[in-house]
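S.K.: The structure under discussion is supplied below as structure tokens; questions concerning it will follow.
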Amino acid sequence: MMDTPIAAMQPRRTLVLHRSSRLAPPMAVGGHGVWLVEQGGREVLDASGGAAVSCLGHQHPRIVAAIQAQAGKLCYAHTSFFTSEPAEALADELVGDAPGGLCQAYFVSGGSEAVEAALKLARQYFVEIGQTQRSHIVARRQSYHGNTLGALAAGGNAWRRAPYAPLLSPAFSHVSPAFAYREQRADEDEAGFVARLAAELEAEFQRLGPDTVAAFIAEPVVGATAGCVTAPAGYFQAVRAICDRHGALLILDEVMSGMGRTGTRHAWEQEGVAPNIQAVAKGLGGGYQPIGAVLVSERIVAAIEAGSGAFQHGHTYLAHPIACAAALEVQRVIREDRLLDNVIAMGGRLEEKLVERFGNHRHVGDIRGRGLFRAIELVADRATRDPFDPALQLNARIRKEAFARGLACYPSGGTADGRCGDHVLLAPPYIVSPAEVDLIVDRLGEAVDAAI
Ligand code: PLP
């Protein structure tokens with residue numbers, strides 16, 4: 001095991017309360033394309049776009065210009081009094097053609113805020129239509145929906161929830177994830193696996209009382225908790241049917257998997273279902289500004305219009321003009337430069353290279369994902385699929401080894417229930433080139449071998 005010192009990770013305390021109270025991160029001072037530049041000039045390949053955020057890479061001239069132009073015109077106008085040109089134009093870009101029946105957009109400042117708003121909107125919908133008994137939200141284990149209390153209660157990430165458990169609402173319950181590598185039984189085919197998951201969800205509705213369930217929430221492709229887990233074919237259609245049968249809403253959390261990351265603007269387009277409410281963030285603004293959105297279907301809009309007339313929710317920075325202007329330009333660049341074609345092409349290359357490098361690796365159990373949203377899962381033993389002992393902190397070691405080699409990727413530990421091993425998530429910008437894809441896999445390969 002190689003122990004590479006990273007100067008920047010020396011313990012030191014700064015006035016900023018960082019994620020780690022023991023290690024201060026290095027200073028990022030610039031960026032270009034898929035590269036981030038540290039103080040001192042070292043360049044780091046941003047192979048996960050932060051956490052699947054930087055979909056256009058760094059310092060894209062069109063986005064920088066759009067931010068500057070909007071800042072020169074109007075920085076802020078409170079949404080109690082005004083709308084703004086960029087907010088209206090961004091809504092038109094996102095829901096002007098009502099994809100899947102989603103017809104209005106509500107702009108917030110990030111993913112957790114989008115999920116909070118989505119959950120409250122679901123509840124308010126049922127209050128508006130007089131079904132006030134609907135207060136349960138069903139979610140999945142091994143999911144991540146954000147770190148604020150409502151989103152954390154929806155999430156099924158055991159270690160993130162644990163310290164705050166007494167603060168989390170009992171209105172949320174969890175069913176099994178659609179995670180074939182870990183959950184599909186040896187004697188079960190894909191259809192059988194889907195049928196079992198659907199039966200479990202149906203049983204959960206029955207346990208709660210089907211007319212007390214407001215919504216089921218899920219990530220179409222699970223991101224942070226288990227690493228790019230796609231659902232088996234037919235799963236989301238089965239889930240949609242259960243929600244419809246019982247009059248509950250389907251909320252899809254596309255904060256990480258949406259806005260083109262998997263090769264279509266919305267990941268649900270590949271599942272043959274549309275949600276009633278959708279949360280998006282990260283790739284919406286590409287990191288250029290903090291922004292998220294809730295996309296809402298006609299059924300909900302109409303109920304609020306016919307009822308109280310107002311979504312009882314709001315933050316000071318709703319629909320911030322500069323954030324909306326940045327996101328609008330990000331989405332226009334993705335469309336005009338046909339970047340989803342590159343997501344599909346480079347996603348295919350990334351998968352190929354990962355299979356070439358890790359397909360026979362004794363400690364890589366699974367290679368999965370879609371588009372430019374890929375992960376490898378590390379196992380102590382490929383035959384038994386046993387994860388590494390969490391005490392080894394393999395994910396932290398891979399992060400360190402990768403960073404020492406000029407690669408920023410997104411390794412996470414296994415789940416506390418032992419049902420998912422350490423994994424590394426890759427989500428490079430949509431502009432990534434073939435040579436950069438190859439470099440990501442080369443550096444990751446070296447890092448994994450040095451860390452184990
Ligand atoms: N939902 C999903 C699926 C996410 O992956 C995340 C963040 O990783 C969130 C919600 C929370 O977003 P944010 O960190 O912007 O609050």
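We name chains A, B, ... following the order of the structure tokens; residues begin at 1 in each chain, and ligands are numbered from 1 as shown.
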What lies within 8 Å of stretch 291-307 of chain A using only C-alpha atoms, ignoring chain neighbours under 2 positions off, as a ChimeraX atom specification?

M.R.: /A:95,101-111,113-115,117-118,125,128-129,255,275-282,284-285,289,309-311,323-324,327

S.K.: Residues as selected, C-alpha atoms, written as a compact mmCIF listing (two decimals), in the first residue's frame, can you do that?

M.R.:
# COMPACT_ATOMS: atom_id res chain seq x y z
CA VAL A 95 -41.26 23.13 -19.13
CA GLY A 101 -46.92 16.71 -18.44
CA LEU A 102 -44.64 18.79 -16.19
CA CYS A 103 -45.85 22.31 -16.81
CA GLN A 104 -44.44 24.67 -14.19
CA ALA A 105 -41.05 25.18 -12.57
CA TYR A 106 -40.35 26.44 -9.06
CA PHE A 107 -36.78 27.66 -8.58
CA VAL A 108 -34.83 27.16 -5.37
CA SER A 109 -31.14 27.22 -4.47
CA GLY A 110 -30.10 23.57 -4.53
CA GLY A 111 -31.01 19.91 -4.35
CA GLU A 113 -34.30 22.66 -1.09
CA ALA A 114 -35.83 21.15 -4.22
CA VAL A 115 -36.61 17.91 -2.40
CA ALA A 117 -40.28 21.78 -1.71
CA ALA A 118 -41.33 18.65 -3.61
CA TYR A 125 -51.76 18.95 -3.03
CA GLU A 128 -56.01 21.27 -1.37
CA ILE A 129 -58.15 18.40 -2.65
CA VAL A 255 -30.95 16.14 -8.52
CA PRO A 275 -43.32 11.81 -12.36
CA ASN A 276 -45.97 14.07 -10.87
CA ILE A 277 -43.22 16.11 -9.24
CA GLN A 278 -39.54 16.18 -10.11
CA ALA A 279 -36.58 17.64 -8.25
CA VAL A 280 -33.54 18.80 -10.24
CA ALA A 281 -30.42 20.74 -9.26
CA LYS A 282 -26.71 20.04 -9.84
CA LEU A 284 -29.24 22.59 -13.90
CA GLY A 285 -26.77 25.35 -13.13
CA GLN A 289 -24.63 29.37 -9.49
CA GLY A 309 -54.09 29.75 -4.79
CA ALA A 310 -50.59 29.70 -3.29
CA PHE A 311 -47.84 27.19 -2.61
CA ALA A 323 -28.78 31.91 -10.79
CA CYS A 324 -31.59 31.61 -13.35
CA ALA A 327 -28.81 27.94 -15.56

S.K.: DSSP on the backbone: what in stretch 154-213 of chain A comes out alpha helix (DSSP H), as a list of chain:residue names?

M.R.: A:Ala154, A:Ala158, A:Trp159, A:Arg160, A:Arg161, A:Ala180, A:Tyr181, A:Arg182, A:Glu183, A:Glu190, A:Ala191, A:Gly192, A:Phe193, A:Val194, A:Ala195, A:Arg196, A:Leu197, A:Ala198, A:Ala199, A:Glu200, A:Leu201, A:Glu202, A:Ala203, A:Glu204, A:Phe205, A:Gln206, A:Arg207, A:Leu208

S.K.: Per residue of chain A within 6 Å of ligand 1, note the shortest atom pair and the distance in Å to one decimal, counting only C-alpha atoms and all ligand atoms, and order the rows by chain and increasing residue number, as a Markdown table.

M.R.:
| residue | atom | partner | partner_atom_place_in_ligand_line | distance |
| --- | --- | --- | --- | --- |
| A:Gly110 | CA | ligand 1 | 15 (O) | 4.1 |
| A:Gly111 | CA | ligand 1 | 12 (O) | 3.2 |
| A:Ser112 | CA | ligand 1 | 16 (O) | 3.5 |
| A:Tyr144 | CA | ligand 1 | 2 (C) | 5.4 |
| A:His145 | CA | ligand 1 | 1 (N) | 3.6 |
| A:Gly146 | CA | ligand 1 | 11 (C) | 3.6 |
| A:Glu219 | CA | ligand 1 | 3 (C) | 5.8 |
| A:Gly223 | CA | ligand 1 | 5 (O) | 5.5 |
| A:Ala224 | CA | ligand 1 | 5 (O) | 5.5 |
| A:Asp253 | CA | ligand 1 | 3 (C) | 5.4 |
| A:Glu254 | CA | ligand 1 | 3 (C) | 5.8 |
| A:Val255 | CA | ligand 1 | 2 (C) | 4.6 |
| A:Met256 | CA | ligand 1 | 5 (O) | 4.5 |

S.K.: Counting only C-alpha atoms, what is within 12 Å of stretch 339-342 of chain A, bar same-chain residues fewer than 3 positions away, as an NGL selection string?

M.R.: :A and (55-56 or 258-266 or 330-336 or 345-350 or 371-372 or 428-434 or 437)

S.K.: Within 10 Å of stretch 420-423 of chain A, which residues of stretch 222-315 of chain A come that close, and what is the closest atom pair and distance in Å for each? Count only C-alpha atoms and give it as JSON lines.

M.R.:
{"residue": "A:Ala224", "atom": "CA", "partner": "A:His423", "partner_atom": "CA", "distance": 9.5}
{"residue": "A:Thr225", "atom": "CA", "partner": "A:Cys420", "partner_atom": "CA", "distance": 8.8}
{"residue": "A:Ala226", "atom": "CA", "partner": "A:Cys420", "partner_atom": "CA", "distance": 6.4}
{"residue": "A:Gly227", "atom": "CA", "partner": "A:His423", "partner_atom": "CA", "distance": 6.2}
{"residue": "A:Cys228", "atom": "CA", "partner": "A:His423", "partner_atom": "CA", "distance": 9.5}

S.K.: Quick one: DSSP strand (DSSP E or B) residues in stretch 111-296 of chain A, as a PyMOL selection string?

M.R.: chain A and resi 136-140+172-175+213-218+221-222+229-230+249-254+277-280+292-296

S.K.: Okay, now the selection with N, CA and C atoms, as an mmCIF file, in the first residue's frame?

M.R.:
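So selection_20.cif came out as:
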data_model
loop_
_atom_site.group_PDB
_atom_site.id
_atom_site.type_symbol
_atom_site.label_atom_id
_atom_site.label_comp_id
_atom_site.auth_asym_id
_atom_site.auth_seq_id
_atom_site.Cartn_x
_atom_site.Cartn_y
_atom_site.Cartn_z
ATOM 1 N N HIS A 136 -48.207 10.081 4.588
ATOM 2 C CA HIS A 136 -47.025 9.213 4.561
ATOM 3 C C HIS A 136 -46.251 9.363 3.252
ATOM 4 N N ILE A 137 -44.945 9.306 3.384
ATOM 5 C CA ILE A 137 -44.074 9.289 2.212
ATOM 6 C C ILE A 137 -43.282 7.985 2.257
ATOM 7 N N VAL A 138 -43.346 7.234 1.187
ATOM 8 C CA VAL A 138 -42.557 5.998 1.121
ATOM 9 C C VAL A 138 -41.320 6.278 0.258
ATOM 10 N N ALA A 139 -40.172 5.859 0.766
ATOM 11 C CA ALA A 139 -38.905 6.072 0.055
ATOM 12 C C ALA A 139 -38.146 4.740 0.046
ATOM 13 N N ARG A 140 -36.876 4.789 -0.304
ATOM 14 C CA ARG A 140 -36.123 3.532 -0.398
ATOM 15 C C ARG A 140 -34.869 3.579 0.472
ATOM 16 N N PHE A 172 -42.077 9.095 7.260
ATOM 17 C CA PHE A 172 -41.342 8.463 6.165
ATOM 18 C C PHE A 172 -41.075 6.995 6.489
ATOM 19 N N SER A 173 -41.231 6.139 5.502
ATOM 20 C CA SER A 173 -40.815 4.745 5.683
ATOM 21 C C SER A 173 -40.068 4.307 4.422
ATOM 22 N N HIS A 174 -39.391 3.167 4.523
ATOM 23 C CA HIS A 174 -38.465 2.788 3.447
ATOM 24 C C HIS A 174 -38.656 1.341 3.007
ATOM 25 N N VAL A 175 -38.541 1.144 1.698
ATOM 26 C CA VAL A 175 -38.588 -0.210 1.136
ATOM 27 C C VAL A 175 -37.238 -0.515 0.472
ATOM 28 N N VAL A 213 -51.124 7.330 2.012
ATOM 29 C CA VAL A 213 -49.814 7.583 1.386
ATOM 30 C C VAL A 213 -49.937 8.773 0.434
ATOM 31 N N ALA A 214 -49.081 9.763 0.645
ATOM 32 C CA ALA A 214 -49.091 10.933 -0.235
ATOM 33 C C ALA A 214 -48.208 10.688 -1.455
ATOM 34 N N ALA A 215 -47.044 10.068 -1.251
ATOM 35 C CA ALA A 215 -46.114 9.946 -2.382
ATOM 36 C C ALA A 215 -45.078 8.864 -2.145
ATOM 37 N N PHE A 216 -44.567 8.384 -3.261
ATOM 38 C CA PHE A 216 -43.380 7.530 -3.258
ATOM 39 C C PHE A 216 -42.274 8.356 -3.894
ATOM 40 N N ILE A 217 -41.101 8.395 -3.277
ATOM 41 C CA ILE A 217 -39.989 9.179 -3.821
ATOM 42 C C ILE A 217 -38.803 8.274 -4.103
ATOM 43 N N ALA A 218 -38.173 8.482 -5.256
ATOM 44 C CA ALA A 218 -37.011 7.667 -5.619
ATOM 45 C C ALA A 218 -36.111 8.432 -6.581
ATOM 46 N N VAL A 221 -31.774 6.998 -11.094
ATOM 47 C CA VAL A 221 -30.490 6.297 -10.983
ATOM 48 C C VAL A 221 -29.901 6.757 -9.655
ATOM 49 N N VAL A 222 -29.688 5.810 -8.743
ATOM 50 C CA VAL A 222 -29.223 6.173 -7.405
ATOM 51 C C VAL A 222 -27.799 6.700 -7.495
ATOM 52 N N VAL A 229 -26.657 3.343 -9.427
ATOM 53 C CA VAL A 229 -27.464 2.124 -9.534
ATOM 54 C C VAL A 229 -28.683 2.380 -10.415
ATOM 55 N N THR A 230 -28.712 1.720 -11.568
ATOM 56 C CA THR A 230 -29.877 1.820 -12.452
ATOM 57 C C THR A 230 -30.896 0.756 -12.031
ATOM 58 N N LEU A 249 -48.814 10.183 -5.293
ATOM 59 C CA LEU A 249 -47.971 10.853 -6.283
ATOM 60 C C LEU A 249 -46.615 10.152 -6.394
ATOM 61 N N LEU A 250 -46.022 10.281 -7.574
ATOM 62 C CA LEU A 250 -44.655 9.791 -7.768
ATOM 63 C C LEU A 250 -43.732 11.003 -7.847
ATOM 64 N N ILE A 251 -42.801 11.073 -6.884
ATOM 65 C CA ILE A 251 -41.789 12.141 -6.915
ATOM 66 C C ILE A 251 -40.480 11.513 -7.370
ATOM 67 N N LEU A 252 -39.911 12.023 -8.444
ATOM 68 C CA LEU A 252 -38.592 11.534 -8.860
ATOM 69 C C LEU A 252 -37.545 12.587 -8.521
ATOM 70 N N ASP A 253 -36.513 12.131 -7.832
ATOM 71 C CA ASP A 253 -35.416 13.010 -7.436
ATOM 72 C C ASP A 253 -34.296 12.851 -8.467
ATOM 73 N N GLU A 254 -34.244 13.802 -9.387
ATOM 74 C CA GLU A 254 -33.205 13.786 -10.428
ATOM 75 C C GLU A 254 -32.151 14.849 -10.141
ATOM 76 N N ILE A 277 -44.085 15.033 -9.721
ATOM 77 C CA ILE A 277 -43.225 16.113 -9.240
ATOM 78 C C ILE A 277 -41.785 15.638 -9.424
ATOM 79 N N GLN A 278 -40.935 16.550 -9.880
ATOM 80 C CA GLN A 278 -39.538 16.179 -10.107
ATOM 81 C C GLN A 278 -38.626 17.219 -9.466
ATOM 82 N N ALA A 279 -37.589 16.737 -8.808
ATOM 83 C CA ALA A 279 -36.576 17.644 -8.252
ATOM 84 C C ALA A 279 -35.342 17.584 -9.139
ATOM 85 N N VAL A 280 -34.810 18.749 -9.504
ATOM 86 C CA VAL A 280 -33.544 18.803 -10.244
ATOM 87 C C VAL A 280 -32.648 19.840 -9.567
ATOM 88 N N GLY A 292 -31.643 25.045 -7.924
ATOM 89 C CA GLY A 292 -32.374 23.790 -8.093
ATOM 90 C C GLY A 292 -33.775 24.144 -8.553
ATOM 91 N N ALA A 293 -34.546 23.139 -8.896
ATOM 92 C CA ALA A 293 -35.918 23.422 -9.332
ATOM 93 C C ALA A 293 -36.817 22.245 -9.013
ATOM 94 N N VAL A 294 -38.087 22.574 -8.849
ATOM 95 C CA VAL A 294 -39.114 21.540 -8.749
ATOM 96 C C VAL A 294 -39.972 21.700 -9.991
ATOM 97 N N LEU A 295 -40.125 20.625 -10.739
ATOM 98 C CA LEU A 295 -40.971 20.645 -11.928
ATOM 99 C C LEU A 295 -42.290 19.975 -11.548
ATOM 100 N N VAL A 296 -43.373 20.628 -11.904
ATOM 101 C CA VAL A 296 -44.672 20.233 -11.340
ATOM 102 C C VAL A 296 -45.675 19.932 -12.449
#

S.K.: With only C-alpha atoms as the basis for distance, which of A:Ser143, A:Arg357, A:Ala195, A:Pro99 is at the shortest distance from A:Ala274?

M.R.: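 The closest residue to A:Ala274 is A:Pro99.
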
S.K.: How many Å lie between atom CA of A:Asp381 and atom CA of A:Ala447, rounded to one decimal?

M.R.: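 Computing the Euclidean distance for atom CA of A:Asp381 and atom CA of A:Ala447 yields 18.9 Å.
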
S.K.: Got a sec: who's within 7 Å of A:Glu401, counting only C-alpha atoms, leaving out chain neighbours fewer than 4 positions off, as a list in words?

M.R.: Thr4, Arg397, Arg405, Ala447, Ala450 and Ala451 of chain A

S.K.: Save out the residues we just selected, N, CA and C atoms, as a CSV table (one decimal), in the first residue's frame.

M.R.:
chain,number,residue,atom,x,y,z
A,4,THR,N,1.0,8.1,-0.1
A,4,THR,CA,1.4,9.3,-0.8
A,4,THR,C,1.0,10.6,0.0
A,397,ARG,N,-9.0,6.1,1.2
A,397,ARG,CA,-7.6,5.8,0.7
A,397,ARG,C,-7.6,6.0,-0.8
A,405,ARG,N,-2.6,11.7,-7.6
A,405,ARG,CA,-2.3,11.6,-9.0
A,405,ARG,C,-3.1,12.6,-9.9
A,447,ALA,N,-4.8,4.4,-8.7
A,447,ALA,CA,-5.2,4.8,-7.4
A,447,ALA,C,-5.8,3.6,-6.6
A,450,ALA,N,-3.1,1.2,-5.7
A,450,ALA,CA,-2.2,1.7,-4.6
A,450,ALA,C,-3.0,1.7,-3.3
A,451,ALA,N,-4.3,1.8,-3.3
A,451,ALA,CA,-5.1,1.9,-2.1
A,451,ALA,C,-5.3,0.6,-1.4

S.K.: Let me make sure I understand: among A:Ala71, A:Ala52, A:Ala91, A:Val64, which one has the smallest atom-to-atom distance to A:Tyr288 if we use only C-alpha atoms?

M.R.: A:Val64

S.K.: Can you work out the spacing between atom CA of A:Gln312 and atom CA of A:Thr79 in Å, to one decimal?

M.R.: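 Taking atom CA of A:Gln312 and atom CA of A:Thr79, their separation equals 13.4 Å.
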
S.K.: Using only C-alpha atoms, find the one residue out of A:Gly414, A:Pro210, A:Gly287, A:Pro26 that sits nearest to A:Arg42.

M.R.: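 Checking each candidate against A:Arg42, we get A:Pro26 as the closest.
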
S.K.: If I take atom CA of A:Gly365 and atom CA of A:Gly234, how far is one from the other in Å, to one decimal?

M.R.: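 These two atoms are separated by 24.2 Å.
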